[in-house]
file protein30.pdb (PDB, C-alpha atoms (C1' of nucleotides) and all ligand atoms)
MODEL        1
ATOM      1  CA  MET A  24      20.462   8.199 -13.838
ATOM      2  CA  GLN A  25      18.359   8.564 -10.742
ATOM      3  CA  LYS A  26      18.691  11.882  -9.035
ATOM      4  CA  LEU A  27      18.965  12.526  -5.337
ATOM      5  CA  THR A  28      16.483  15.369  -5.224
ATOM      6  CA  ALA A  29      15.556  17.451  -2.201
ATOM      7  CA  GLN A  30      12.483  15.303  -1.673
ATOM      8  CA  ARG A  31      14.467  12.095  -1.794
ATOM      9  CA  GLN A  32      17.102  13.553   0.483
ATOM     10  CA  ALA A  33      14.382  14.398   3.004
ATOM     11  CA  ILE A  34      13.077  10.833   2.878
ATOM     12  CA  LEU A  35      16.573   9.434   3.187
ATOM     13  CA  ASP A  36      17.278  11.618   6.215
ATOM     14  CA  ILE A  37      14.251  10.323   8.039
ATOM     15  CA  ILE A  38      15.184   6.719   7.450
ATOM     16  CA  ASN A  39      18.861   7.186   8.202
ATOM     17  CA  ARG A  40      18.136   8.863  11.492
ATOM     18  CA  SER A  41      16.325   5.890  13.013
ATOM     19  CA  ASP A  42      16.383   2.158  13.448
ATOM     20  CA  LYS A  43      12.766   1.727  12.489
ATOM     21  CA  HIS A  44      11.293  -0.140   9.566
ATOM     22  CA  TRP A  45       9.182   2.471   7.824
ATOM     23  CA  ASP A  46       6.259   2.112   5.490
ATOM     24  CA  ALA A  47       5.350   4.798   2.966
ATOM     25  CA  ASP A  48       2.583   6.310   5.079
ATOM     26  CA  GLU A  49       4.769   6.599   8.133
ATOM     27  CA  VAL A  50       7.416   8.394   6.126
ATOM     28  CA  ALA A  51       4.791  10.723   4.656
ATOM     29  CA  PHE A  52       3.436  11.461   8.125
ATOM     30  CA  LYS A  53       6.889  12.184   9.504
ATOM     31  CA  LEU A  54       7.581  14.535   6.613
ATOM     32  CA  LYS A  55       4.376  16.427   7.314
ATOM     33  CA  GLU A  56       5.330  16.576  10.980
ATOM     34  CA  LYS A  57       8.590  18.210   9.987
ATOM     35  CA  GLY A  58       6.708  20.706   7.858
ATOM     36  CA  ILE A  59       7.913  19.208   4.594
ATOM     37  CA  SER A  60       5.214  18.789   1.966
ATOM     38  CA  ILE A  61       5.775  15.893  -0.414
ATOM     39  CA  GLY A  62       3.088  14.132  -2.396
ATOM     40  CA  ILE A  63       2.412  10.551  -1.397
ATOM     41  CA  ALA A  64       3.218   9.313  -4.900
ATOM     42  CA  THR A  65       6.596  11.000  -4.639
ATOM     43  CA  VAL A  66       7.193   9.269  -1.322
ATOM     44  CA  TYR A  67       6.514   5.901  -2.933
ATOM     45  CA  ARG A  68       8.719   6.732  -5.888
ATOM     46  CA  GLY A  69      11.426   8.123  -3.656
ATOM     47  CA  LEU A  70      11.513   5.034  -1.471
ATOM     48  CA  ALA A  71      11.702   2.786  -4.531
ATOM     49  CA  ALA A  72      14.462   4.908  -6.079
ATOM     50  CA  LEU A  73      16.510   5.017  -2.885
ATOM     51  CA  ALA A  74      16.199   1.258  -2.452
ATOM     52  CA  GLU A  75      17.196   0.669  -6.058
ATOM     53  CA  GLN A  76      20.318   2.720  -5.499
ATOM     54  CA  GLY A  77      21.114   0.778  -2.369
ATOM     55  CA  LEU A  78      20.782   3.846  -0.158
ATOM     56  CA  ILE A  79      18.111   2.129   1.903
ATOM     57  CA  GLU A  80      17.006  -1.457   2.361
ATOM     58  CA  SER A  81      13.539  -2.816   1.811
ATOM     59  CA  ILE A  82      11.737  -5.756   3.323
ATOM     60  CA  GLN A  83       8.470  -7.118   2.013
ATOM     61  CA  LEU A  84       6.039  -8.031   4.750
ATOM     62  CA  ALA A  85       2.743  -9.768   4.033
ATOM     63  CA  ASP A  86       0.786  -6.679   3.196
ATOM     64  CA  LYS A  87       3.275  -3.903   2.684
ATOM     65  CA  LYS A  88       6.850  -2.903   2.033
ATOM     66  CA  ARG A  89       8.982  -1.408   4.766
ATOM     67  CA  TYR A  90      12.270   0.401   4.470
ATOM     68  CA  GLU A  91      15.249   0.742   6.783
ATOM     69  CA  ARG A  92      18.778   2.137   6.885
ATOM     70  CA  ALA A  93      21.223   0.445   4.577
ATOM     71  CA  ASP A  94      24.276   0.948   6.760
ATOM     72  CA  LYS A  95      23.669  -2.150   8.828
ATOM     73  CA  SER A  96      25.054  -5.512   7.886
ATOM     74  CA  HIS A  97      22.692  -8.079   6.440
ATOM     75  CA  HIS A  98      20.136  -9.478   8.823
ATOM     76  CA  ASP A  99      16.720 -11.099   8.917
ATOM     77  CA  HIS A 100      13.677 -10.375  11.044
ATOM     78  CA  LEU A 101      11.564 -11.660  13.902
ATOM     79  CA  ILE A 102       8.054 -10.237  13.850
ATOM     80  CA  CYS A 103       5.756 -10.194  16.837
ATOM     81  CA  THR A 104       2.266 -11.194  15.752
ATOM     82  CA  GLU A 105       0.827  -9.474  18.801
ATOM     83  CA  CYS A 106       2.392  -6.005  18.898
ATOM     84  CA  GLY A 107       4.037  -5.849  15.496
ATOM     85  CA  ALA A 108       7.505  -5.308  16.905
ATOM     86  CA  ILE A 109      10.303  -6.121  14.475
ATOM     87  CA  GLU A 110      13.539  -7.533  15.864
ATOM     88  CA  GLU A 111      16.660  -8.304  13.895
ATOM     89  CA  PHE A 112      19.030 -11.224  13.889
ATOM     90  CA  CYS A 113      22.005 -12.450  11.970
ATOM     91  CA  LYS A 114      22.830 -16.127  11.617
ATOM     92  CA  PRO A 115      25.562 -16.751   9.068
ATOM     93  CA  GLU A 116      25.117 -20.511   9.393
ATOM     94  CA  ILE A 117      21.600 -20.147   8.034
ATOM     95  CA  GLU A 118      22.832 -18.136   5.081
ATOM     96  CA  THR A 119      25.441 -20.771   4.356
ATOM     97  CA  LEU A 120      22.829 -23.518   4.415
ATOM     98  CA  GLN A 121      20.620 -21.493   2.085
ATOM     99  CA  ASP A 122      23.445 -21.229  -0.430
ATOM    100  CA  LYS A 123      23.992 -24.943  -0.121
ATOM    101  CA  VAL A 124      20.336 -25.721  -0.810
ATOM    102  CA  ALA A 125      20.409 -23.507  -3.878
ATOM    103  CA  ALA A 126      23.674 -24.939  -5.144
ATOM    104  CA  GLU A 127      22.361 -28.484  -4.773
ATOM    105  CA  ARG A 128      19.660 -27.818  -7.341
ATOM    106  CA  GLY A 129      21.466 -25.496  -9.703
ATOM    107  CA  PHE A 130      19.513 -22.506  -8.522
ATOM    108  CA  LYS A 131      21.280 -19.151  -8.763
ATOM    109  CA  ILE A 132      20.383 -17.181  -5.649
ATOM    110  CA  GLN A 133      19.622 -13.487  -6.000
ATOM    111  CA  GLY A 134      18.193 -12.893  -2.561
ATOM    112  CA  HIS A 135      16.165 -14.324   0.230
ATOM    113  CA  GLN A 136      13.670 -13.437   2.855
ATOM    114  CA  LEU A 137      13.467 -15.109   6.242
ATOM    115  CA  LEU A 138      10.742 -14.026   8.623
ATOM    116  CA  LEU A 139      10.197 -15.619  12.015
ATOM    117  CA  PHE A 140       6.715 -15.003  13.376
ATOM    118  CA  GLY A 141       5.761 -15.317  17.014
ATOM    119  CA  LEU A 142       5.533 -13.529  20.317
ATOM    120  CA  CYS A 143       8.199 -11.130  21.478
ATOM    121  CA  ILE A 144       9.421 -11.502  25.010
ATOM    122  CA  GLY A 145       7.065  -8.817  26.253
ATOM    123  CA  CYS A 146       3.940 -10.181  24.599
ATOM    124  CA  LYS A 147       4.822 -13.717  25.628
ATOM    125  CA  ALA A 148       4.758 -12.601  29.253
ATOM    126  CA  GLY A 149       1.318 -11.068  28.926
ATOM    127  CA  GLU A 150      -0.349 -14.187  27.568
ATOM    128  CA  SER A 151      -3.200 -15.974  29.364
TER
ATOM    129  CA  MET B 630     -17.856 -24.984  13.394
ATOM    130  CA  GLN B 631     -16.682 -24.666   9.834
ATOM    131  CA  LYS B 632     -18.510 -26.839   7.376
ATOM    132  CA  LEU B 633     -16.998 -28.800   4.553
ATOM    133  CA  THR B 634     -19.577 -27.832   1.972
ATOM    134  CA  ALA B 635     -19.800 -29.032  -1.605
ATOM    135  CA  GLN B 636     -18.066 -25.851  -2.742
ATOM    136  CA  ARG B 637     -15.216 -26.286  -0.307
ATOM    137  CA  GLN B 638     -14.912 -29.946  -1.199
ATOM    138  CA  ALA B 639     -14.586 -28.997  -4.855
ATOM    139  CA  ILE B 640     -11.822 -26.524  -4.008
ATOM    140  CA  LEU B 641     -10.085 -29.083  -1.824
ATOM    141  CA  ASP B 642     -10.209 -31.679  -4.590
ATOM    142  CA  ILE B 643      -8.489 -29.374  -7.025
ATOM    143  CA  ILE B 644      -5.686 -28.622  -4.631
ATOM    144  CA  ASN B 645      -5.261 -32.174  -3.425
ATOM    145  CA  ARG B 646      -4.982 -33.476  -6.957
ATOM    146  CA  SER B 647      -1.886 -31.502  -7.842
ATOM    147  CA  ASP B 648       1.469 -30.328  -6.612
ATOM    148  CA  LYS B 649       0.910 -26.768  -7.642
ATOM    149  CA  HIS B 650       0.761 -23.693  -5.491
ATOM    150  CA  TRP B 651      -2.603 -22.171  -6.343
ATOM    151  CA  ASP B 652      -3.879 -18.648  -6.004
ATOM    152  CA  ALA B 653      -7.590 -17.871  -5.711
ATOM    153  CA  ASP B 654      -8.016 -16.929  -9.364
ATOM    154  CA  GLU B 655      -6.372 -20.080 -10.601
ATOM    155  CA  VAL B 656      -8.679 -22.174  -8.439
ATOM    156  CA  ALA B 657     -11.702 -20.222  -9.678
ATOM    157  CA  PHE B 658     -10.625 -20.749 -13.274
ATOM    158  CA  LYS B 659     -10.099 -24.467 -12.764
ATOM    159  CA  LEU B 660     -13.542 -24.746 -11.210
ATOM    160  CA  LYS B 661     -15.099 -23.024 -14.187
ATOM    161  CA  GLU B 662     -13.158 -25.329 -16.472
ATOM    162  CA  LYS B 663     -14.699 -28.273 -14.676
ATOM    163  CA  GLY B 664     -18.132 -26.753 -15.086
ATOM    164  CA  ILE B 665     -18.505 -25.933 -11.406
ATOM    165  CA  SER B 666     -19.879 -22.470 -10.714
ATOM    166  CA  ILE B 667     -18.652 -20.927  -7.461
ATOM    167  CA  GLY B 668     -18.514 -17.222  -6.713
ATOM    168  CA  ILE B 669     -15.058 -15.735  -6.365
ATOM    169  CA  ALA B 670     -15.811 -14.574  -2.820
ATOM    170  CA  THR B 671     -16.692 -18.125  -1.905
ATOM    171  CA  VAL B 672     -13.413 -19.325  -3.359
ATOM    172  CA  TYR B 673     -11.525 -16.877  -1.145
ATOM    173  CA  ARG B 674     -13.568 -17.866   1.891
ATOM    174  CA  GLY B 675     -13.231 -21.544   1.096
ATOM    175  CA  LEU B 676      -9.455 -21.356   0.769
ATOM    176  CA  ALA B 677      -9.188 -19.488   4.059
ATOM    177  CA  ALA B 678     -11.491 -21.959   5.811
ATOM    178  CA  LEU B 679      -9.643 -24.994   4.480
ATOM    179  CA  ALA B 680      -6.304 -23.532   5.515
ATOM    180  CA  GLU B 681      -7.629 -22.728   8.966
ATOM    181  CA  GLN B 682      -8.704 -26.343   9.365
ATOM    182  CA  GLY B 683      -5.305 -27.538   8.240
ATOM    183  CA  LEU B 684      -6.735 -29.255   5.174
ATOM    184  CA  ILE B 685      -4.493 -27.195   2.909
ATOM    185  CA  GLU B 686      -1.345 -25.152   3.440
ATOM    186  CA  SER B 687      -0.902 -21.510   2.579
ATOM    187  CA  ILE B 688       2.179 -19.538   1.671
ATOM    188  CA  GLN B 689       2.263 -15.771   1.467
ATOM    189  CA  LEU B 690       4.194 -14.482  -1.494
ATOM    190  CA  ALA B 691       4.897 -10.802  -1.999
ATOM    191  CA  ASP B 692       1.602  -9.889  -3.502
ATOM    192  CA  LYS B 693      -0.695 -12.823  -3.020
ATOM    193  CA  LYS B 694      -1.461 -15.955  -1.078
ATOM    194  CA  ARG B 695      -1.011 -19.365  -2.607
ATOM    195  CA  TYR B 696      -2.318 -22.691  -1.385
ATOM    196  CA  GLU B 697      -1.030 -26.219  -1.674
ATOM    197  CA  ARG B 698      -1.753 -29.745  -0.460
ATOM    198  CA  ALA B 699      -1.291 -30.266   3.245
ATOM    199  CA  ASP B 700      -0.187 -33.880   3.022
ATOM    200  CA  LYS B 701       3.426 -33.063   2.404
ATOM    201  CA  SER B 702       5.923 -32.626   5.202
ATOM    202  CA  HIS B 703       7.041 -29.118   6.067
ATOM    203  CA  HIS B 704       9.184 -27.397   3.505
ATOM    204  CA  ASP B 705      10.194 -23.970   2.276
ATOM    205  CA  HIS B 706      10.379 -22.524  -1.222
ATOM    206  CA  LEU B 707      12.732 -21.407  -3.947
ATOM    207  CA  ILE B 708      11.123 -18.955  -6.348
ATOM    208  CA  CYS B 709      12.403 -18.227  -9.821
ATOM    209  CA  THR B 710      12.266 -14.491 -10.447
ATOM    210  CA  GLU B 711      12.267 -15.135 -14.176
ATOM    211  CA  CYS B 712       9.588 -17.746 -14.835
ATOM    212  CA  GLY B 713       7.845 -17.843 -11.466
ATOM    213  CA  ALA B 714       8.526 -21.512 -10.891
ATOM    214  CA  ILE B 715       8.258 -22.604  -7.281
ATOM    215  CA  GLU B 716      10.550 -25.370  -6.030
ATOM    216  CA  GLU B 717      10.501 -26.913  -2.596
ATOM    217  CA  PHE B 718      13.224 -27.831  -0.178
ATOM    218  CA  CYS B 719      13.574 -29.103   3.336
ATOM    219  CA  LYS B 720      16.567 -28.313   5.503
ATOM    220  CA  PRO B 721      16.044 -29.356   9.118
ATOM    221  CA  GLU B 722      19.316 -27.716  10.155
ATOM    222  CA  ILE B 723      17.893 -24.361   9.154
ATOM    223  CA  GLU B 724      14.765 -24.955  11.204
ATOM    224  CA  THR B 725      16.902 -25.883  14.198
ATOM    225  CA  LEU B 726      18.941 -22.721  13.860
ATOM    226  CA  GLN B 727      15.762 -20.665  13.615
ATOM    227  CA  ASP B 728      14.521 -22.120  16.888
ATOM    228  CA  LYS B 729      17.882 -21.346  18.430
ATOM    229  CA  VAL B 730      17.746 -17.725  17.317
ATOM    230  CA  ALA B 731      14.270 -17.361  18.769
ATOM    231  CA  ALA B 732      15.176 -19.066  22.024
ATOM    232  CA  GLU B 733      18.195 -16.820  22.448
ATOM    233  CA  ARG B 734      15.974 -13.763  22.654
ATOM    234  CA  GLY B 735      12.978 -15.175  24.482
ATOM    235  CA  PHE B 736      10.874 -15.099  21.339
ATOM    236  CA  LYS B 737       8.125 -17.727  21.121
ATOM    237  CA  ILE B 738       8.006 -18.946  17.538
ATOM    238  CA  GLN B 739       4.620 -19.505  15.926
ATOM    239  CA  GLY B 740       5.765 -19.908  12.354
ATOM    240  CA  HIS B 741       8.234 -18.795   9.766
ATOM    241  CA  GLN B 742       8.608 -18.023   6.121
ATOM    242  CA  LEU B 743      11.760 -18.651   4.167
ATOM    243  CA  LEU B 744      11.827 -17.724   0.515
ATOM    244  CA  LEU B 745      14.893 -18.036  -1.677
ATOM    245  CA  PHE B 746      14.710 -15.896  -4.786
ATOM    246  CA  GLY B 747      16.793 -16.424  -7.881
ATOM    247  CA  LEU B 748      17.025 -18.198 -11.202
ATOM    248  CA  CYS B 749      15.931 -21.784 -11.611
ATOM    249  CA  ILE B 750      18.262 -24.072 -13.468
ATOM    250  CA  GLY B 751      16.370 -23.553 -16.720
ATOM    251  CA  CYS B 752      16.302 -19.791 -16.593
ATOM    252  CA  LYS B 753      19.919 -19.633 -15.479
ATOM    253  CA  ALA B 754      20.905 -21.443 -18.675
ATOM    254  CA  GLY B 755      19.043 -18.982 -20.868
ATOM    255  CA  GLU B 756      20.742 -15.882 -19.507
ATOM    256  CA  SER B 757      22.815 -13.543 -21.650
TER
ATOM    257  C1'  DT C  98     -42.198 -28.312   9.683
ATOM    258  C1'  DA C  99     -40.075 -24.156  11.885
ATOM    259  C1'  DG C 100     -36.049 -21.981  13.343
ATOM    260  C1'  DC C 101     -31.080 -21.089  13.504
ATOM    261  C1'  DG C 102     -26.383 -20.669  12.421
ATOM    262  C1'  DA C 103     -23.374 -20.927   8.723
ATOM    263  C1'  DA C 104     -22.529 -20.456   3.800
ATOM    264  C1'  DT C 105     -23.221 -18.425  -0.669
ATOM    265  C1'  DG C 106     -22.945 -15.043  -4.405
ATOM    266  C1'  DA C 107     -23.235 -10.549  -6.329
ATOM    267  C1'  DT C 108     -21.232  -6.516  -5.574
ATOM    268  C1'  DA C 109     -19.269  -2.589  -3.016
ATOM    269  C1'  DA C 110     -15.466  -1.311  -0.338
ATOM    270  C1'  DT C 111     -10.615  -1.323   1.215
ATOM    271  C1'  DC C 112      -5.824  -0.701   1.021
ATOM    272  C1'  DA C 113      -1.287  -0.534  -0.720
ATOM    273  C1'  DT C 114       0.707   0.519  -4.716
ATOM    274  C1'  DT C 115       1.252   2.018  -9.579
ATOM    275  C1'  DA C 116      -0.072   4.618 -13.731
ATOM    276  C1'  DT C 117      -1.342   8.986 -15.914
ATOM    277  C1'  DC C 118      -0.618  13.434 -17.138
ATOM    278  C1'  DA C 119       0.201  18.178 -16.960
ATOM    279  C1'  DC C 120       3.570  20.837 -15.129
ATOM    280  C1'  DT C 121       8.314  21.992 -13.229
ATOM    281  C1'  DA C 122      13.188  21.637 -11.997
ATOM    282  C1'  DT C 123      17.972  20.621 -13.536
ATOM    283  C1'  DC C 124      21.554  20.850 -16.481
ATOM    284  C1'  DA C 125      24.122  20.839 -20.781
ATOM    285  C1'  DT C 126      24.562  23.118 -25.053
ATOM    286  C1'  DC C 127      23.846  26.758 -28.418
TER
ATOM    287  C1'  DG D 167      20.544  34.033 -21.437
ATOM    288  C1'  DA D 168      17.416  30.969 -24.306
ATOM    289  C1'  DT D 169      16.509  26.233 -25.574
ATOM    290  C1'  DG D 170      15.876  21.275 -25.145
ATOM    291  C1'  DA D 171      16.327  16.949 -23.245
ATOM    292  C1'  DT D 172      15.494  14.353 -19.308
ATOM    293  C1'  DA D 173      13.897  13.219 -14.904
ATOM    294  C1'  DG D 174      10.945  14.400 -11.041
ATOM    295  C1'  DT D 175       6.704  16.072  -8.907
ATOM    296  C1'  DG D 176       1.924  16.062  -7.281
ATOM    297  C1'  DA D 177      -2.924  15.419  -7.788
ATOM    298  C1'  DT D 178      -5.661  11.941  -8.875
ATOM    299  C1'  DA D 179      -7.362   7.843 -11.365
ATOM    300  C1'  DA D 180      -6.627   3.094 -11.803
ATOM    301  C1'  DT D 181      -5.211  -1.511 -10.375
ATOM    302  C1'  DG D 182      -5.388  -5.852  -8.098
ATOM    303  C1'  DA D 183      -5.869  -8.788  -4.290
ATOM    304  C1'  DT D 184      -8.663  -9.319  -0.670
ATOM    305  C1'  DT D 185     -12.488  -8.400   2.601
ATOM    306  C1'  DA D 186     -17.060  -6.565   3.935
ATOM    307  C1'  DT D 187     -21.988  -6.247   3.191
ATOM    308  C1'  DC D 188     -26.338  -8.102   2.742
ATOM    309  C1'  DA D 189     -30.120 -10.520   1.016
ATOM    310  C1'  DT D 190     -30.904 -15.211   0.104
ATOM    311  C1'  DT D 191     -30.300 -20.191   0.714
ATOM    312  C1'  DC D 192     -28.649 -24.511   2.846
ATOM    313  C1'  DG D 193     -28.373 -28.164   6.338
ATOM    314  C1'  DC D 194     -29.592 -29.354  10.623
ATOM    315  C1'  DT D 195     -31.970 -30.126  14.806
ATOM    316  C1'  DA D 196     -35.840 -29.401  18.109
TER
HETATM  317 MN    MN A 801      15.924  -4.654   9.813
HETATM  318 MN    MN A 802       5.201 -26.023  -1.387
HETATM  319 ZN    ZN A 803       5.168  -8.149  20.857
HETATM  320 ZN    ZN A 804      12.761 -20.055 -13.941
ENDMDL
END

call {"tool": "encode", "arguments": {"input": "protein30.pdb", "output": "structure tokens"}}
result
Amino acid sequence: MQKLTAQRQAILDIINRSDKHWDADEVAFKLKEKGISIGIATVYRGLAALAEQGLIESIQLADKKRYERADKSHHDHLICTECGAIEEFCKPEIETLQDKVAAERGFKIQGHQLLLFGLCIGCKAGES
Amino acid sequence: MQKLTAQRQAILDIINRSDKHWDADEVAFKLKEKGISIGIATVYRGLAALAEQGLIESIQLADKKRYERADKSHHDHLICTECGAIEEFCKPEIETLQDKVAAERGFKIQGHQLLLFGLCIGCKAGES
DNA sequence: TAGCGAATGATAATCATTATCACTATCATC
DNA sequence: GATGATAGTGATAATGATTATCATTCGCTA
């Protein structure tokens, strides 16, 4: 019985109002900017609780977790190794092939994570 | 000019002699078991150096890096969320589709990471 | 043999995240 | 309205993987 407290609502609002992929510190900073004071531990707990309830989505990057709105359809991510930009894509054929791979070896899929690393179109242009 | 020192050779031997996906602690433990004394910092540095030279492969799991032999062809991983088992698979069609996605948006791919999470065949059987 | 760059090892530091713990808010029941 | 049960909060300590520091040592090459 997780509660949607005022603190969690504030966190949810921030994430729902943007297309960004937020980490805990960024959310905490934004809250402070808006004059809302929430302890950093509460931000972490709030993000975890919201994700558990499906109110936001989480993606695990190498070093840290990031959270985004849940009202988008499923997608995976392209990550620019130069500027850190995160783009999104959806390729149902890939998902189908993933299911096939799992089925072939009796593996029951619970989730997946596909990250494509490289240079975004902007950073590619500015290469030597 | 990275050197293949005795310490790094010892680390390389351990990894090359198995099909496991090793983390730094496991390598350090195995070294101790074999009576070889290498500082943990050197193990971390050695693994990074070997990976940089392409002598071993690295995969980044949620919390930690793991290393494996480099003399296998490219593959991705299925990870059992119950027992931690790591299986491998190769699906060239998926790789092709990834390249297509990247090409479509002018993204220059440098690498990718595809993890399928779920229950391995053994753990699936033992579910309630 | 002297000098130099790279490596080593012990240990401190970092960084994201989680655990602790005392305190508080919420809500149902008496 | 008082009382408990339960969950949440916030300050802060702890954790765990990894990296940084730094004095010392190794392996070469001039
Ligand atoms: Mn996204
Ligand atoms: Mn593998
Ligand atoms: Zn970029
Ligand atoms: Zn399993």

call {"tool": "resolve_selection", "arguments": {"input": "protein30.pdb", "expression": "the PyMOL selection byres (((not hetatm)) within 8 of (chain A and resi 801))", "output": "number ranges by chain"}}
result
A: 42-44, 82, 91-92, 98-100, 109-111

call {"tool": "resolve_selection", "arguments": {"input": "protein30.pdb", "expression": "the PyMOL selection byres ((chain A and not hetatm) within 9 of (chain C))", "output": "list in words"}}
result
Ala64, Tyr67, Asp86, Lys87 and Lys88 of chain A

call {"tool": "residues_around", "arguments": {"input": "protein30.pdb", "residues": "Ile37 (chain A)", "least_positions_apart": "2", "cutoff": "12 Å", "atoms": "only C-alpha atoms (C1' of nucleotides)", "output": "short mmCIF file (atom, residue, chain, number, x, y, z; two decimals) with C-alpha atoms, in the frame of the given file"}}
result
data_model
loop_
_atom_site.label_atom_id
_atom_site.label_comp_id
_atom_site.auth_asym_id
_atom_site.auth_seq_id
_atom_site.Cartn_x
_atom_site.Cartn_y
_atom_site.Cartn_z
CA GLN A 30 12.48 15.30 -1.67
CA ARG A 31 14.47 12.10 -1.79
CA GLN A 32 17.10 13.55 0.48
CA ALA A 33 14.38 14.40 3.00
CA ILE A 34 13.08 10.83 2.88
CA LEU A 35 16.57 9.43 3.19
CA ASN A 39 18.86 7.19 8.20
CA ARG A 40 18.14 8.86 11.49
CA SER A 41 16.32 5.89 13.01
CA ASP A 42 16.38 2.16 13.45
CA LYS A 43 12.77 1.73 12.49
CA HIS A 44 11.29 -0.14 9.57
CA TRP A 45 9.18 2.47 7.82
CA ASP A 46 6.26 2.11 5.49
CA ALA A 47 5.35 4.80 2.97
CA GLU A 49 4.77 6.60 8.13
CA VAL A 50 7.42 8.39 6.13
CA ALA A 51 4.79 10.72 4.66
CA PHE A 52 3.44 11.46 8.12
CA LYS A 53 6.89 12.18 9.50
CA LEU A 54 7.58 14.54 6.61
CA LYS A 55 4.38 16.43 7.31
CA GLU A 56 5.33 16.58 10.98
CA LYS A 57 8.59 18.21 9.99
CA ILE A 59 7.91 19.21 4.59
CA VAL A 66 7.19 9.27 -1.32
CA LEU A 70 11.51 5.03 -1.47
CA ILE A 79 18.11 2.13 1.90
CA TYR A 90 12.27 0.40 4.47
CA GLU A 91 15.25 0.74 6.78
CA ARG A 92 18.78 2.14 6.88
#

call {"tool": "resolve_selection", "arguments": {"input": "protein30.pdb", "expression": "the PyMOL selection byres (((chain D and resi 175-183) around 6) and not hetatm)", "output": "ChimeraX atom specification"}}
result
/A:62 /D:174,184

call {"tool": "residues_near_ligand", "arguments": {"input": "protein30.pdb", "ligand": "ligand ZN 803 (chain A)", "cutoff": "10 Å", "atoms": "all atoms listed in the file", "output": "mmCIF file with C-alpha atoms, in the coordinates of the input"}}
result
data_model
loop_
_atom_site.group_PDB
_atom_site.id
_atom_site.type_symbol
_atom_site.label_atom_id
_atom_site.label_comp_id
_atom_site.auth_asym_id
_atom_site.auth_seq_id
_atom_site.Cartn_x
_atom_site.Cartn_y
_atom_site.Cartn_z
ATOM 1 C CA ILE A 102 8.054 -10.237 13.850
ATOM 2 C CA CYS A 103 5.756 -10.194 16.837
ATOM 3 C CA THR A 104 2.266 -11.194 15.752
ATOM 4 C CA GLU A 105 0.827 -9.474 18.801
ATOM 5 C CA CYS A 106 2.392 -6.005 18.898
ATOM 6 C CA GLY A 107 4.037 -5.849 15.496
ATOM 7 C CA ALA A 108 7.505 -5.308 16.905
ATOM 8 C CA ILE A 109 10.303 -6.121 14.475
ATOM 9 C CA GLU A 110 13.539 -7.533 15.864
ATOM 10 C CA GLY A 141 5.761 -15.317 17.014
ATOM 11 C CA LEU A 142 5.533 -13.529 20.317
ATOM 12 C CA CYS A 143 8.199 -11.130 21.478
ATOM 13 C CA ILE A 144 9.421 -11.502 25.010
ATOM 14 C CA GLY A 145 7.065 -8.817 26.253
ATOM 15 C CA CYS A 146 3.940 -10.181 24.599
ATOM 16 C CA LYS A 147 4.822 -13.717 25.628
ATOM 17 C CA ALA A 148 4.758 -12.601 29.253
ATOM 18 C CA GLY A 149 1.318 -11.068 28.926
ATOM 19 C CA PHE B 736 10.874 -15.099 21.339
#

call {"tool": "interface_residues", "arguments": {"input": "protein30.pdb", "of": "chain B", "to": "chain A", "cutoff": "8 Å", "atoms": "all atoms listed in the file", "output": "PyMOL selection string"}}
result
chain B and resi 689-692+707+718+720+722-723+726-727+730-731+734-750+753

call {"tool": "closest_atom_pairs", "arguments": {"input": "protein30.pdb", "of": "chain A", "to": "chain D", "cutoff": "9 Å", "atoms": "all atoms listed in the file", "output": "tab-separated table"}}
result
residue	atom	partner	partner_atom	distance
A:Met24	CA	D:DA173	C1'	8.3
A:Gln25	CA	D:DA173	C1'	7.7
A:Lys26	CA	D:DA173	C1'	7.7
A:Thr28	CA	D:DG174	C1'	8.1
A:Ile61	CA	D:DG176	C1'	7.9
A:Gly62	CA	D:DG176	C1'	5.4
A:Ile63	CA	D:DG176	C1'	8.1
A:Ala64	CA	D:DG176	C1'	7.3
A:Thr65	CA	D:DT175	C1'	6.6

call {"tool": "atom_distance", "arguments": {"input": "protein30.pdb", "atom1": "CA of Ala29 (chain A)", "atom2": "CA of Ala74 (chain A)"}}
result
16.2 Å

call {"tool": "atom_distance", "arguments": {"input": "protein30.pdb", "atom1": "CA of Gly664 (chain B)", "atom2": "CA of Ile644 (chain B)"}}
result
16.4 Å

call {"tool": "atom_distance", "arguments": {"input": "protein30.pdb", "atom1": "CA of Asp94 (chain A)", "atom2": "CA of Leu78 (chain A)"}}
result
8.3 Å

call {"tool": "closest_residue", "arguments": {"input": "protein30.pdb", "among": "B:Glu733, B:Ser702, B:Glu756, B:Arg695", "to": "ligand ZN 804 (chain A)", "atoms": "all atoms listed in the file"}}
result
B:Glu756

call {"tool": "axis_aligned_box", "arguments": {"input": "protein30.pdb", "around": "region 98-116 of chain A", "padding_each_side": "5 Å", "output": "AutoDock Vina command-line options"}}
result
--center_x 13.2 --center_y -12.9 --center_z 13.9 --size_x 34.7 --size_y 25.2 --size_z 20.1
